[in-house]
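**Student:** Before I ask anything, let me first share the structure, which is written out below as C-alpha cells.
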Amino acid sequence: MSRLDSSWHGAHYLSAVGPSTVSYHLMQVMNEEMPDYTIRYVFLNGNGDSREASDDFLERLAGQKEKVETVIMLDILGTGDGPLYVRTKGMKSYPVLERAPFAELEVRSLASSPGDAYDEAGIPYLMLSDSLEGNWHVFTEKDTFERLSEDGLTGAVDWMHDWLTD
C-alpha cells in the first residue's frame, strides 16, 4: 500500500509521492511476471494520514476468502538516504521477516498507526522506509520533491521486485 494524499501541509513528497511512485513503477516491472500468488497494489486516498481509506481496505479484506499473508505500507521511501528498514508494532517479528530479502533489514518500532487495526485482525502489517531523518521532515519545508532520488526510488522498486519474484 501507499498513500496518495495531501493536506494543508503540502503534497507529502516523502510519505506519499515517493512511496506511490515506487508502487506505480513496481506495477510496471511486475507486469510481465506470473507469480503463484495474488498481489494487490493499493493506493490509499484521503486527507492527511489516509486512516479512513486504510480502515476501509481492512474491512474489505475481512470479507474475502483468500488469506492475506502480509500488508506492506510504503512510507518515507525513495529518498535514498539510507538502507531500507521495516517498522512493526512493538518491533514484532513475523515469519515474512525471517525470509530473504527481509531477513537482511533492520526492524524498528512502529508507533500507533493504521497498522494497529491490521495487527488486531491477525494480518502482519509492515512499514517499509529508507530514511530515518525523513520522518522528522514530513510536514516541514524539507518535505520536497528534491528529497526524492532516482537511485532511491529505483532501489526500492528493485528490492520489492526481487522479493515478489523470489
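In the C-alpha cells, chains take letters A, B, ... by order of appearance, with residues numbered from 1 within each chain and ligands from 1 in the order shown.
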For Ser113 of chain A, please output as a PyMOL selection string all residues within 10 Å (counting only C-alpha atoms; exclusion window: fewer than 2 positions along the same chain).

**Tutor:** chain A and resi 49+51+88-89+110-111+115-118+127

**Student:** With N, CA and C atoms kept, could you save the residues just selected as a short mmCIF file (atom, residue, chain, number, x, y, z; two decimals), in the first residue's frame?

**Tutor:**
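Now in out.cif:
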```cif
data_model
loop_
_atom_site.label_atom_id
_atom_site.label_comp_id
_atom_site.auth_asym_id
_atom_site.auth_seq_id
_atom_site.Cartn_x
_atom_site.Cartn_y
_atom_site.Cartn_z
N ASP A 49 -3.52 11.34 6.85
CA ASP A 49 -2.88 10.04 7.04
C ASP A 49 -3.61 8.87 6.39
N ARG A 51 -6.17 7.32 7.08
CA ARG A 51 -6.65 6.34 8.04
C ARG A 51 -8.00 5.75 7.63
N THR A 88 7.54 -2.37 12.65
CA THR A 88 6.38 -3.16 13.06
C THR A 88 5.97 -2.70 14.46
N LYS A 89 4.74 -2.94 14.80
CA LYS A 89 4.23 -2.55 16.11
C LYS A 89 5.04 -3.27 17.19
N LEU A 110 7.32 0.64 15.42
CA LEU A 110 6.27 1.42 14.79
C LEU A 110 5.35 1.95 15.87
N ALA A 111 5.18 3.24 15.90
CA ALA A 111 4.26 3.84 16.86
C ALA A 111 2.83 3.55 16.42
N GLY A 115 -1.83 0.51 11.18
CA GLY A 115 -1.42 -0.89 11.33
C GLY A 115 -1.93 -1.55 12.59
N ASP A 116 -2.29 -0.77 13.60
CA ASP A 116 -2.81 -1.35 14.83
C ASP A 116 -4.03 -2.23 14.54
N ALA A 117 -4.91 -1.74 13.69
CA ALA A 117 -6.13 -2.49 13.37
C ALA A 117 -5.79 -3.77 12.60
N TYR A 118 -4.78 -3.72 11.73
CA TYR A 118 -4.37 -4.93 10.99
C TYR A 118 -3.80 -5.95 11.97
N MET A 127 5.81 -1.49 7.73
CA MET A 127 6.05 -0.24 7.01
C MET A 127 7.48 -0.30 6.51
#
```

**Student:** Residues at most 7 Å from segment 26-41 of chain A, counting only C-alpha atoms, excluding those fewer than 5 positions away in the same chain, as a ChimeraX atom specification?

**Tutor:** /A:1,157,161,165

**Student:** Counting only C-alpha atoms, figure out which residue out of A:Leu61, A:Ala100, A:Val22, A:Ile76 gets nearest to Arg147 of chain A.

**Tutor:**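 That would be A:Ile76, the residue with the smallest distance to Arg147 of chain A.
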
**Student:** Which residue is closest to Leu153 of chain A? Choose from A:His25, A:His12, A:Lys65, A:Arg99 and count only C-alpha atoms.

**Tutor:**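 Closest residue, counting only C-alpha atoms: A:His25.
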
**Student:** Find the distance between atom CA of Phe139 of chain A and atom CA of Gly90 of chain A and write it in Å to one decimal.

**Tutor:**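 Separation between atom CA of Phe139 of chain A and atom CA of Gly90 of chain A: 24.6 Å.
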
**Student:** Pick out the residues sitting within 8 Å of Ile72 of chain A, and hand them over as a compact mmCIF listing (two decimals) with N, CA and C atoms, in the first residue's frame; count only C-alpha atoms, and ignore anything fewer than 2 positions along from it in its own chain.

**Tutor:**
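Heads up, here's the output in around.txt:
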```txt
# COMPACT_ATOMS: atom_id res chain seq x y z
N MET A 1 0.84 -1.18 0.00
CA MET A 1 0.00 0.00 0.00
C MET A 1 0.89 1.23 0.00
N THR A 70 0.56 -10.74 4.08
CA THR A 70 1.25 -9.57 4.61
C THR A 70 0.73 -8.30 3.93
N LEU A 74 4.20 1.33 2.17
CA LEU A 74 5.41 2.03 1.77
C LEU A 74 5.34 3.43 2.37
N TYR A 125 1.44 -6.45 9.41
CA TYR A 125 1.49 -5.10 8.83
C TYR A 125 2.88 -4.55 9.05
N LEU A 126 3.56 -4.24 7.95
CA LEU A 126 4.91 -3.71 7.98
C LEU A 126 4.93 -2.36 7.29
N MET A 127 5.81 -1.49 7.73
CA MET A 127 6.05 -0.24 7.01
C MET A 127 7.48 -0.30 6.51
N LEU A 128 7.66 -0.08 5.21
CA LEU A 128 8.98 -0.10 4.58
C LEU A 128 9.43 1.33 4.33
```

**Student:** Out of A:Arg3, A:His137, A:Arg108, A:Lys92, which residue has the shortest atom-to-atom distance to Phe43 of chain A when counting only C-alpha atoms?

**Tutor:**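 Using only C-alpha atoms, Phe43 of chain A sits closest to A:Arg3.
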
**Student:** Taking only segment 34-142 of chain A into account, list the residues labelled alpha helix (DSSP H) by DSSP (computed from the backbone), as a list in words.

**Tutor:**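 Secondary structure check on segment 34-142 of chain A, alpha helix (DSSP H): Arg51, Glu52, Ala53, Ser54, Asp55, Asp56, Phe57, Leu58, Glu59, Arg60, Leu61, Ala62, Gly115, Asp116, Ala117, Tyr118, Asp119, Glu120, Gly134, Asn135, Trp136 and His137 of chain A.
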
**Student:** Grab the residues selected above and save them as an mmCIF file, in the first residue's frame with C-alpha atoms.

**Tutor:**
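The result, stored in out_25.cif:
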```
data_model
loop_
_atom_site.group_PDB
_atom_site.id
_atom_site.type_symbol
_atom_site.label_atom_id
_atom_site.label_comp_id
_atom_site.auth_asym_id
_atom_site.auth_seq_id
_atom_site.Cartn_x
_atom_site.Cartn_y
_atom_site.Cartn_z
ATOM 1 C CA ARG A 51 -6.653 6.339 8.040
ATOM 2 C CA GLU A 52 -10.223 6.120 6.792
ATOM 3 C CA ALA A 53 -9.149 4.529 3.480
ATOM 4 C CA SER A 54 -6.892 2.090 5.314
ATOM 5 C CA ASP A 55 -9.697 1.051 7.671
ATOM 6 C CA ASP A 56 -11.999 0.570 4.671
ATOM 7 C CA PHE A 57 -9.421 -1.651 2.944
ATOM 8 C CA LEU A 58 -9.030 -3.754 6.102
ATOM 9 C CA GLU A 59 -12.801 -4.168 6.273
ATOM 10 C CA ARG A 60 -12.794 -5.402 2.668
ATOM 11 C CA LEU A 61 -10.021 -7.887 3.464
ATOM 12 C CA ALA A 62 -12.107 -9.358 6.260
ATOM 13 C CA GLY A 115 -1.423 -0.894 11.326
ATOM 14 C CA ASP A 116 -2.809 -1.354 14.830
ATOM 15 C CA ALA A 117 -6.128 -2.492 13.366
ATOM 16 C CA TYR A 118 -4.368 -4.925 10.993
ATOM 17 C CA ASP A 119 -2.421 -6.371 13.901
ATOM 18 C CA GLU A 120 -5.653 -6.851 15.852
ATOM 19 C CA GLY A 134 12.702 11.831 6.640
ATOM 20 C CA ASN A 135 10.298 11.009 9.458
ATOM 21 C CA TRP A 136 11.202 14.347 11.044
ATOM 22 C CA HIS A 137 10.859 16.244 7.775
#
```
